[in-house]
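Enquirer: I have a structure here, written as structure tokens, and I will follow up with some questions on it.
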Amino acid sequence: MDLSGLNPPQHRAVTTTEGPLLVLAGAGSGKTRVITHRIAWLLAERVPARAILAVTFTNKAAAEMKERVVRLVGQHAQALTVCTFHAFGAEVLREHVHRLGWPRKFAIADTSDQISLIQRALRERSIDGRADFDPRRILGAISRAKNAGRAPLPAGDTPADWEIAAAEVFPLYQRALRAQGAVDFDDLLLLPLRLFREHPEVLGSYVRRFRYLLVDEFQDTNGAQLELVRQLAGERRNVCAVGDDDQCIYGWRGAEVRNILRFEEAFPGATEVRLEQNYRSVPAVLEAAHGVVSQLPERRPKKLWSATVGGPKVQLVVLPGEDEEAAHVARAIEQRLARGARPDDLAVLYRTNGQSRPFEEALRARGIAYEVVGGTEFFDRREVRDVLAYLKVLANPADEVSLLRIVNVPARGIGDVTVEHLVAQARSRGAPLADVLDAPASVPGLTPGAARAVQEFSDLIRRTRARLRTEPLSGVTRALLREVGFEAAARASTASASAAERRLQGVEGILASLEQFERREDRGSDLRSYLNRLSLDTREEEDGPSPARVTLLTLHGAKGLEFRTVFLVGLEEGFLPHGGMQGELQNLEEERRLCYVGITRAREELILTRAATRVRRGREVPRTPSRFLADIPAEVLEVSDTTAPPPGPPTEAEQGFFRNLKARLQGTPSPSA
DNA sequence: TGCAATATCATTTTT
DNA sequence: TGATATTGCA
């Protein structure tokens, strides 16, 4: 194993294989190199690949890590286990969840399922409809509580009403999940922990198998994940955690920066290695990054340093509005491509997915190929969710949420009243809703027409399930959608033909991904594993190498990536830091770290942009520059303000404006109000 | 029951 | 602004 390319701390991080090890890896400090070399080193030390478990944060990172190791040491690295915490949990549950009373073929509830369940629970308690009982907020509270290992409790002396509501809804939510034979994302971590507690022999089998553990992005682990690592490490404690407290950006999901500080608590006597030499960015970028991040209290003191000198300054471009901002970025990208830059060297980074649209339009207008990474909007489209609901019902008759979603989609004469009757009947009989649908004649209150429609619907589902046993998935799905007149209904429901086309494209996307899945899974491609895969990994699968494209992605999505040129856009209060009135300090710190992550993605060129005004909710509103801009040292920053007044004597109006401003600054009441 | 007009209302990040 | 919820009407 050749380690000659590593610096001394990197070398130590690679070769310290026994016992707990914490690697504090600053941005661009060669973290990925260390991880891949460490795995290669273990393999060279005759550790079998199947005894190594590496946990990453995203599926993409997992796939990349494995590929790099394979490239380094060859095909036998394929036997490594590299996955996300959630995927690992799902795998454990697939084998053992029946011991906890779930069906072997459990389903994973996605966010929209979760929301529906909570809405239903609210309705059941007759506390739905209140604006502050936002299901998403309640879901957040439930999720945080679950990860902290407790039920959501009303906090403090005067808990808000919605907190009480969350506590009340929680048991109903849990019961409903279980009744559907489903688990949520949090359960993918929590149920394995429970399993290990109640069945130590199961834990033992994993501890025996995985002799070396590696956790990437450790700063973003939450309590449950840390506990999982601790359990799996066993007595051996061969745990290598790699992370950077400055890059903790998932606090809202229960990640605890403190986990990094608590590593020593969890694993007393741990070795610590710091990687502080930066190999990625030019000095100006590093200075800017340091300016932003050094304002954080309570960080592990460290300063990245670089051996390189020179390079361009960081640019800040101020534009009048959001269209100009997008046009400017698109033009700058075009120039760089014309000068021979590779498209995949360029990236546009923003805080929220919603910000991507103007950039997409500007790039498309110039015929520049781009790729939007992440973004859930595809799965948020109604038609897509409808099709998925069909698939879920086919896979799992107990899935009431999906069943209720599609029972009258497209409209087939099963209206709200009929559905009420069916649900009431199911409840009073204590039977699954699907059973009631199978025998609608026995349901009181149904008109003959409604009963017939229900009968037809359940016959359809039954027939389709039968077909699935013998025919390929995608073909059956296509036939099903044709039979229910899905396409025609989608077309009819919208006024414009182009909107309908867009919707149907979403459906086509699902069918395409189904087909791809069938092609990939050589043996038995079953619907349930397709759905499970989909909920664990929403990124689109690619067929072989795709042409290089400019990347558009959120700051969260950019973590762990690097680009030669980075456009960090929308540097305005409200975007970065994000959020409105209540500027909670903790959130603010996380926003700052997010900004730091964005800056440090750039190798050579960092171009910051902001718009002076933006159209929000139909109104044009002035925007304030992000406070983080003030923390970038002036000597590394080059500002060009396209909204600045052209040079020349100030006009009468401007003179008046400045007189007013001056008066206000001096505390004198201004004459005009 | 189903459609269309009208009211309301939000605005993160992801496994 | 645009999407979704609700209401009213055929």
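Chain labels run A, B, ... following the order of the structure tokens; each chain numbers its residues from 1, and ligands are numbered from 1 in the order shown.
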Taking 6 positions as the minimum chain separation for residues in the same chain, which residues sit within 9 Å of Thr418 in chain A when counting only C-alpha atoms (C1' of nucleotides)? Answer as a PDB file with N, CA, C and O atoms, in the first residue's frame.
Expert:
```
ATOM      1  N   GLY A 445     -75.827   2.235   3.886  1.00  0.00           N
ATOM      2  CA  GLY A 445     -75.794   3.635   3.492  1.00  0.00           C
ATOM      3  C   GLY A 445     -75.314   3.879   2.081  1.00  0.00           C
ATOM      4  O   GLY A 445     -75.423   4.979   1.566  1.00  0.00           O
ATOM      5  N   LEU A 446     -74.753   2.849   1.446  1.00  0.00           N
ATOM      6  CA  LEU A 446     -74.242   3.062   0.087  1.00  0.00           C
ATOM      7  C   LEU A 446     -75.377   2.965  -0.920  1.00  0.00           C
ATOM      8  O   LEU A 446     -76.225   2.082  -0.829  1.00  0.00           O
ATOM      9  N   THR A 447     -75.364   3.869  -1.868  1.00  0.00           N
ATOM     10  CA  THR A 447     -76.302   3.726  -2.972  1.00  0.00           C
ATOM     11  C   THR A 447     -75.838   2.578  -3.840  1.00  0.00           C
ATOM     12  O   THR A 447     -74.642   2.251  -3.847  1.00  0.00           O
ATOM     13  N   ALA A 450     -72.932   3.550  -6.030  1.00  0.00           N
ATOM     14  CA  ALA A 450     -71.663   3.685  -5.327  1.00  0.00           C
ATOM     15  C   ALA A 450     -71.074   2.313  -5.033  1.00  0.00           C
ATOM     16  O   ALA A 450     -69.879   2.066  -5.234  1.00  0.00           O
ATOM     17  N   ALA A 451     -71.946   1.397  -4.591  1.00  0.00           N
ATOM     18  CA  ALA A 451     -71.470   0.051  -4.262  1.00  0.00           C
ATOM     19  C   ALA A 451     -70.857  -0.609  -5.495  1.00  0.00           C
ATOM     20  O   ALA A 451     -69.818  -1.276  -5.407  1.00  0.00           O
ATOM     21  N   VAL A 454     -67.426   0.837  -6.181  1.00  0.00           N
ATOM     22  CA  VAL A 454     -66.431   0.314  -5.240  1.00  0.00           C
ATOM     23  C   VAL A 454     -66.033  -1.096  -5.622  1.00  0.00           C
ATOM     24  O   VAL A 454     -64.858  -1.456  -5.635  1.00  0.00           O
TER      25      VAL A 454
END
```
Enquirer: Excluding same-chain residues fewer than 3 positions from DT13 in chain B, what lies within 12 Å of it counting only C-alpha atoms (C1' of nucleotides), as a ChimeraX atom specification?
Expert: /A:248-253,350-354,374-376,553-559,575-579,587,590-591,594
Enquirer: Please report as a list in words which residues of chain A come no farther than 7 Å from chain B, using only C-alpha atoms (C1' of nucleotides).
Expert: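 So the residues of chain A near chain B are His86, Phe185, Thr352, Gly413, Gly415, Leu536 and His556 of chain A.
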Enquirer: Any chance you could tabulate, as CSV, the residues of chain A at most 12 Å from chain C with each one's nearest atom pair and distance in Å to one decimal, using only C-alpha atoms (C1' of nucleotides), in chain and rising number order?
Expert:
```
residue,atom,partner,partner_atom,distance
A:Gly129,CA,C:DA5,C1',10.3
A:Asp380,CA,C:DA3,C1',11.5
A:Arg381,CA,C:DA3,C1',11.0
A:Arg382,CA,C:DA3,C1',11.2
A:Arg614,CA,C:DT1,C1',12.0
A:Val615,CA,C:DT1,C1',8.6
A:Arg616,CA,C:DT1,C1',7.2
A:Arg617,CA,C:DT1,C1',4.8
A:Gly618,CA,C:DT1,C1',5.0
A:Arg619,CA,C:DT1,C1',8.6
A:Glu620,CA,C:DT1,C1',11.1
```
Enquirer: Expressed in Å to a single decimal, how great is the separation between CA of Gly89 in chain A and CA of Val242 in chain A?
Expert: 20.3 Å
Enquirer: Taking only range 171-323 of chain A into account, list the residues labelled strand (DSSP E or B) by DSSP (computed from the backbone), as a ChimeraX atom specification.
Expert: /A:182-183,212-215,222,239-243,255,271-275,277-278,305-306,314-319
Enquirer: Please dump the current selection as a PDB file, in the first residue's frame; keep N, CA and C atoms.
Expert:
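Result written to again_0.pdb:
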```pdb
ATOM      1  N   ALA A 182     -45.935  -0.279   8.388  1.00  0.00           N
ATOM      2  CA  ALA A 182     -44.939   0.653   7.868  1.00  0.00           C
ATOM      3  C   ALA A 182     -44.055   1.196   8.983  1.00  0.00           C
ATOM      4  N   VAL A 183     -42.904   1.668   8.596  1.00  0.00           N
ATOM      5  CA  VAL A 183     -42.010   2.360   9.524  1.00  0.00           C
ATOM      6  C   VAL A 183     -41.659   3.703   8.886  1.00  0.00           C
ATOM      7  N   TYR A 212     -14.500  -3.408  11.662  1.00  0.00           N
ATOM      8  CA  TYR A 212     -14.000  -2.037  11.508  1.00  0.00           C
ATOM      9  C   TYR A 212     -15.122  -1.126  11.022  1.00  0.00           C
ATOM     10  N   LEU A 213     -15.360  -0.089  11.784  1.00  0.00           N
ATOM     11  CA  LEU A 213     -16.419   0.854  11.418  1.00  0.00           C
ATOM     12  C   LEU A 213     -15.817   2.188  11.028  1.00  0.00           C
ATOM     13  N   LEU A 214     -16.462   2.823  10.070  1.00  0.00           N
ATOM     14  CA  LEU A 214     -16.010   4.131   9.633  1.00  0.00           C
ATOM     15  C   LEU A 214     -17.237   5.006   9.428  1.00  0.00           C
ATOM     16  N   VAL A 215     -17.248   6.168  10.030  1.00  0.00           N
ATOM     17  CA  VAL A 215     -18.392   7.067   9.889  1.00  0.00           C
ATOM     18  C   VAL A 215     -17.933   8.384   9.297  1.00  0.00           C
ATOM     19  N   ASN A 222     -26.995  12.204  14.599  1.00  0.00           N
ATOM     20  CA  ASN A 222     -27.828  12.549  15.744  1.00  0.00           C
ATOM     21  C   ASN A 222     -27.629  11.508  16.854  1.00  0.00           C
ATOM     22  N   VAL A 239     -13.611   2.173  15.831  1.00  0.00           N
ATOM     23  CA  VAL A 239     -14.471   3.153  15.183  1.00  0.00           C
ATOM     24  C   VAL A 239     -13.633   4.323  14.722  1.00  0.00           C
ATOM     25  N   CYS A 240     -13.755   4.632  13.453  1.00  0.00           N
ATOM     26  CA  CYS A 240     -13.095   5.828  12.962  1.00  0.00           C
ATOM     27  C   CYS A 240     -14.179   6.811  12.539  1.00  0.00           C
ATOM     28  N   ALA A 241     -14.247   7.935  13.235  1.00  0.00           N
ATOM     29  CA  ALA A 241     -15.234   8.959  12.898  1.00  0.00           C
ATOM     30  C   ALA A 241     -14.518  10.131  12.244  1.00  0.00           C
ATOM     31  N   VAL A 242     -15.042  10.548  11.101  1.00  0.00           N
ATOM     32  CA  VAL A 242     -14.427  11.656  10.384  1.00  0.00           C
ATOM     33  C   VAL A 242     -15.429  12.790  10.288  1.00  0.00           C
ATOM     34  N   GLY A 243     -15.008  13.983  10.631  1.00  0.00           N
ATOM     35  CA  GLY A 243     -15.959  15.084  10.546  1.00  0.00           C
ATOM     36  C   GLY A 243     -15.306  16.433  10.766  1.00  0.00           C
ATOM     37  N   ALA A 255     -29.204  16.581  14.311  1.00  0.00           N
ATOM     38  CA  ALA A 255     -27.762  16.380  14.359  1.00  0.00           C
ATOM     39  C   ALA A 255     -27.186  17.215  15.496  1.00  0.00           C
ATOM     40  N   THR A 271      -8.150   8.372  20.107  1.00  0.00           N
ATOM     41  CA  THR A 271      -7.079   9.141  19.487  1.00  0.00           C
ATOM     42  C   THR A 271      -7.704  10.239  18.639  1.00  0.00           C
ATOM     43  N   GLU A 272      -7.016  11.374  18.544  1.00  0.00           N
ATOM     44  CA  GLU A 272      -7.552  12.453  17.727  1.00  0.00           C
ATOM     45  C   GLU A 272      -6.510  12.909  16.721  1.00  0.00           C
ATOM     46  N   VAL A 273      -6.941  13.054  15.492  1.00  0.00           N
ATOM     47  CA  VAL A 273      -6.037  13.540  14.448  1.00  0.00           C
ATOM     48  C   VAL A 273      -6.687  14.744  13.794  1.00  0.00           C
ATOM     49  N   ARG A 274      -5.921  15.794  13.570  1.00  0.00           N
ATOM     50  CA  ARG A 274      -6.471  16.971  12.897  1.00  0.00           C
ATOM     51  C   ARG A 274      -5.844  17.147  11.538  1.00  0.00           C
ATOM     52  N   LEU A 275      -6.695  17.345  10.554  1.00  0.00           N
ATOM     53  CA  LEU A 275      -6.199  17.652   9.218  1.00  0.00           C
ATOM     54  C   LEU A 275      -6.498  19.112   8.954  1.00  0.00           C
ATOM     55  N   GLN A 277      -4.326  21.147   6.805  1.00  0.00           N
ATOM     56  CA  GLN A 277      -3.769  21.704   5.569  1.00  0.00           C
ATOM     57  C   GLN A 277      -4.768  21.561   4.448  1.00  0.00           C
ATOM     58  N   ASN A 278      -5.062  22.663   3.825  1.00  0.00           N
ATOM     59  CA  ASN A 278      -6.053  22.665   2.761  1.00  0.00           C
ATOM     60  C   ASN A 278      -5.366  22.501   1.407  1.00  0.00           C
ATOM     61  N   TRP A 305      -4.791  26.104   6.525  1.00  0.00           N
ATOM     62  CA  TRP A 305      -3.743  26.844   5.865  1.00  0.00           C
ATOM     63  C   TRP A 305      -3.430  26.164   4.551  1.00  0.00           C
ATOM     64  N   SER A 306      -2.844  26.933   3.673  1.00  0.00           N
ATOM     65  CA  SER A 306      -2.610  26.417   2.338  1.00  0.00           C
ATOM     66  C   SER A 306      -1.195  26.752   1.922  1.00  0.00           C
ATOM     67  N   VAL A 314     -12.007  36.851  -4.419  1.00  0.00           N
ATOM     68  CA  VAL A 314     -13.422  36.498  -4.426  1.00  0.00           C
ATOM     69  C   VAL A 314     -14.187  37.666  -5.025  1.00  0.00           C
ATOM     70  N   GLN A 315     -15.162  37.358  -5.882  1.00  0.00           N
ATOM     71  CA  GLN A 315     -15.951  38.429  -6.485  1.00  0.00           C
ATOM     72  C   GLN A 315     -17.314  38.541  -5.835  1.00  0.00           C
ATOM     73  N   LEU A 316     -17.763  39.759  -5.674  1.00  0.00           N
ATOM     74  CA  LEU A 316     -19.152  39.974  -5.269  1.00  0.00           C
ATOM     75  C   LEU A 316     -19.809  40.850  -6.323  1.00  0.00           C
ATOM     76  N   VAL A 317     -20.878  40.339  -6.917  1.00  0.00           N
ATOM     77  CA  VAL A 317     -21.575  41.099  -7.937  1.00  0.00           C
ATOM     78  C   VAL A 317     -22.975  41.435  -7.440  1.00  0.00           C
ATOM     79  N   VAL A 318     -23.312  42.706  -7.469  1.00  0.00           N
ATOM     80  CA  VAL A 318     -24.638  43.140  -7.048  1.00  0.00           C
ATOM     81  C   VAL A 318     -25.465  43.452  -8.283  1.00  0.00           C
ATOM     82  N   LEU A 319     -26.654  42.872  -8.363  1.00  0.00           N
ATOM     83  CA  LEU A 319     -27.491  43.073  -9.543  1.00  0.00           C
ATOM     84  C   LEU A 319     -28.845  43.624  -9.143  1.00  0.00           C
TER      85      LEU A 319
END
```
Enquirer: Would you give me, as a VMD selection string, the residues in range 18-213 of chain A that DSSP reads as helix (DSSP H, G or I)?
Expert: chain A and resid 31 to 44 49 to 51 59 to 73 75 to 79 85 to 100 111 to 124 135 to 147 161 to 179 187 to 198 200 to 209
Enquirer: In Å, rounded to a single decimal, give me how far CA of Thr609 in chain A is from CA of Arg342 in chain A.
Expert: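 Spanning CA of Arg342 in chain A to CA of Thr609 in chain A is a straight-line distance of 21.6 Å.
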Enquirer: Give me the residues within 12 Å of Pro320 in chain A as a list in words, counting only C-alpha atoms (C1' of nucleotides) and dropping any in the same chain fewer than 6 places off.
Expert: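 Close residues of Pro320 in chain A: Ala326, Ala327, His328, Gly570, Thr609, Arg610, Ala611, Ala612, Thr613, Arg614, Val615, Glu620, Val621, Pro622, Arg623, Ser640, Asp641, Thr642, Thr643, Ala644 and Pro645 of chain A.
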Enquirer: Could you tell me how far CA of Pro8 in chain A lies from CA of Arg33 in chain A, in Å and to one decimal?
Expert: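 Computing it gives 13.4 Å between the two atoms.
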Enquirer: When you look at Arg208 in chain A with a cut-off of 10 Å (counting only C-alpha atoms (C1' of nucleotides)), what residues show up, excluding the ones that are within fewer than 5 positions of it in the same chain? I need them as a list in words.
Expert: Ala51, Leu203, Leu232, Ala233, Gly234 and Arg236 of chain A
Enquirer: Could you please take those selected residues and save all heavy atoms as a PDB file, in the first residue's frame?
Expert:
```
ATOM      1  N   ALA A  51     -15.829  -7.430   6.444  1.00  0.00           N
ATOM      2  CA  ALA A  51     -15.743  -7.081   7.865  1.00  0.00           C
ATOM      3  C   ALA A  51     -15.694  -5.568   8.068  1.00  0.00           C
ATOM      4  O   ALA A  51     -15.530  -5.099   9.179  1.00  0.00           O
ATOM      5  CB  ALA A  51     -14.512  -7.739   8.490  1.00  0.00           C
ATOM      6  N   LEU A 203     -27.624  -8.338  17.715  1.00  0.00           N
ATOM      7  CA  LEU A 203     -26.524  -7.378  17.760  1.00  0.00           C
ATOM      8  C   LEU A 203     -25.196  -8.105  17.647  1.00  0.00           C
ATOM      9  O   LEU A 203     -24.313  -7.714  16.883  1.00  0.00           O
ATOM     10  CB  LEU A 203     -26.579  -6.578  19.059  1.00  0.00           C
ATOM     11  CG  LEU A 203     -25.377  -5.657  19.327  1.00  0.00           C
ATOM     12  CD1 LEU A 203     -25.240  -4.614  18.234  1.00  0.00           C
ATOM     13  CD2 LEU A 203     -25.496  -4.983  20.689  1.00  0.00           C
ATOM     14  N   LEU A 232     -22.681  -1.091  17.660  1.00  0.00           N
ATOM     15  CA  LEU A 232     -22.022  -1.932  16.663  1.00  0.00           C
ATOM     16  C   LEU A 232     -20.528  -2.070  16.941  1.00  0.00           C
ATOM     17  O   LEU A 232     -19.907  -3.071  16.574  1.00  0.00           O
ATOM     18  CB  LEU A 232     -22.231  -1.341  15.264  1.00  0.00           C
ATOM     19  CG  LEU A 232     -23.657  -1.443  14.728  1.00  0.00           C
ATOM     20  CD1 LEU A 232     -23.815  -0.604  13.466  1.00  0.00           C
ATOM     21  CD2 LEU A 232     -24.015  -2.899  14.453  1.00  0.00           C
ATOM     22  N   ALA A 233     -19.961  -1.064  17.590  1.00  0.00           N
ATOM     23  CA  ALA A 233     -18.525  -1.105  17.842  1.00  0.00           C
ATOM     24  C   ALA A 233     -18.163  -2.190  18.852  1.00  0.00           C
ATOM     25  O   ALA A 233     -17.057  -2.738  18.815  1.00  0.00           O
ATOM     26  CB  ALA A 233     -18.050   0.253  18.347  1.00  0.00           C
ATOM     27  N   GLY A 234     -19.106  -2.502  19.727  1.00  0.00           N
ATOM     28  CA  GLY A 234     -18.859  -3.564  20.705  1.00  0.00           C
ATOM     29  C   GLY A 234     -17.655  -3.264  21.576  1.00  0.00           C
ATOM     30  O   GLY A 234     -17.268  -2.116  21.787  1.00  0.00           O
ATOM     31  N   ARG A 236     -14.677  -4.105  20.919  1.00  0.00           N
ATOM     32  CA  ARG A 236     -13.500  -3.867  20.088  1.00  0.00           C
ATOM     33  C   ARG A 236     -13.247  -2.374  19.892  1.00  0.00           C
ATOM     34  O   ARG A 236     -12.133  -1.917  19.870  1.00  0.00           O
ATOM     35  CB  ARG A 236     -13.771  -4.498  18.724  1.00  0.00           C
ATOM     36  CG  ARG A 236     -12.652  -5.332  18.206  1.00  0.00           C
ATOM     37  CD  ARG A 236     -13.013  -5.831  16.833  1.00  0.00           C
ATOM     38  NE  ARG A 236     -13.716  -7.097  16.848  1.00  0.00           N
ATOM     39  CZ  ARG A 236     -14.946  -7.285  16.371  1.00  0.00           C
ATOM     40  NH1 ARG A 236     -15.629  -6.276  15.868  1.00  0.00           N
ATOM     41  NH2 ARG A 236     -15.496  -8.460  16.404  1.00  0.00           N
TER      42      ARG A 236
END
```
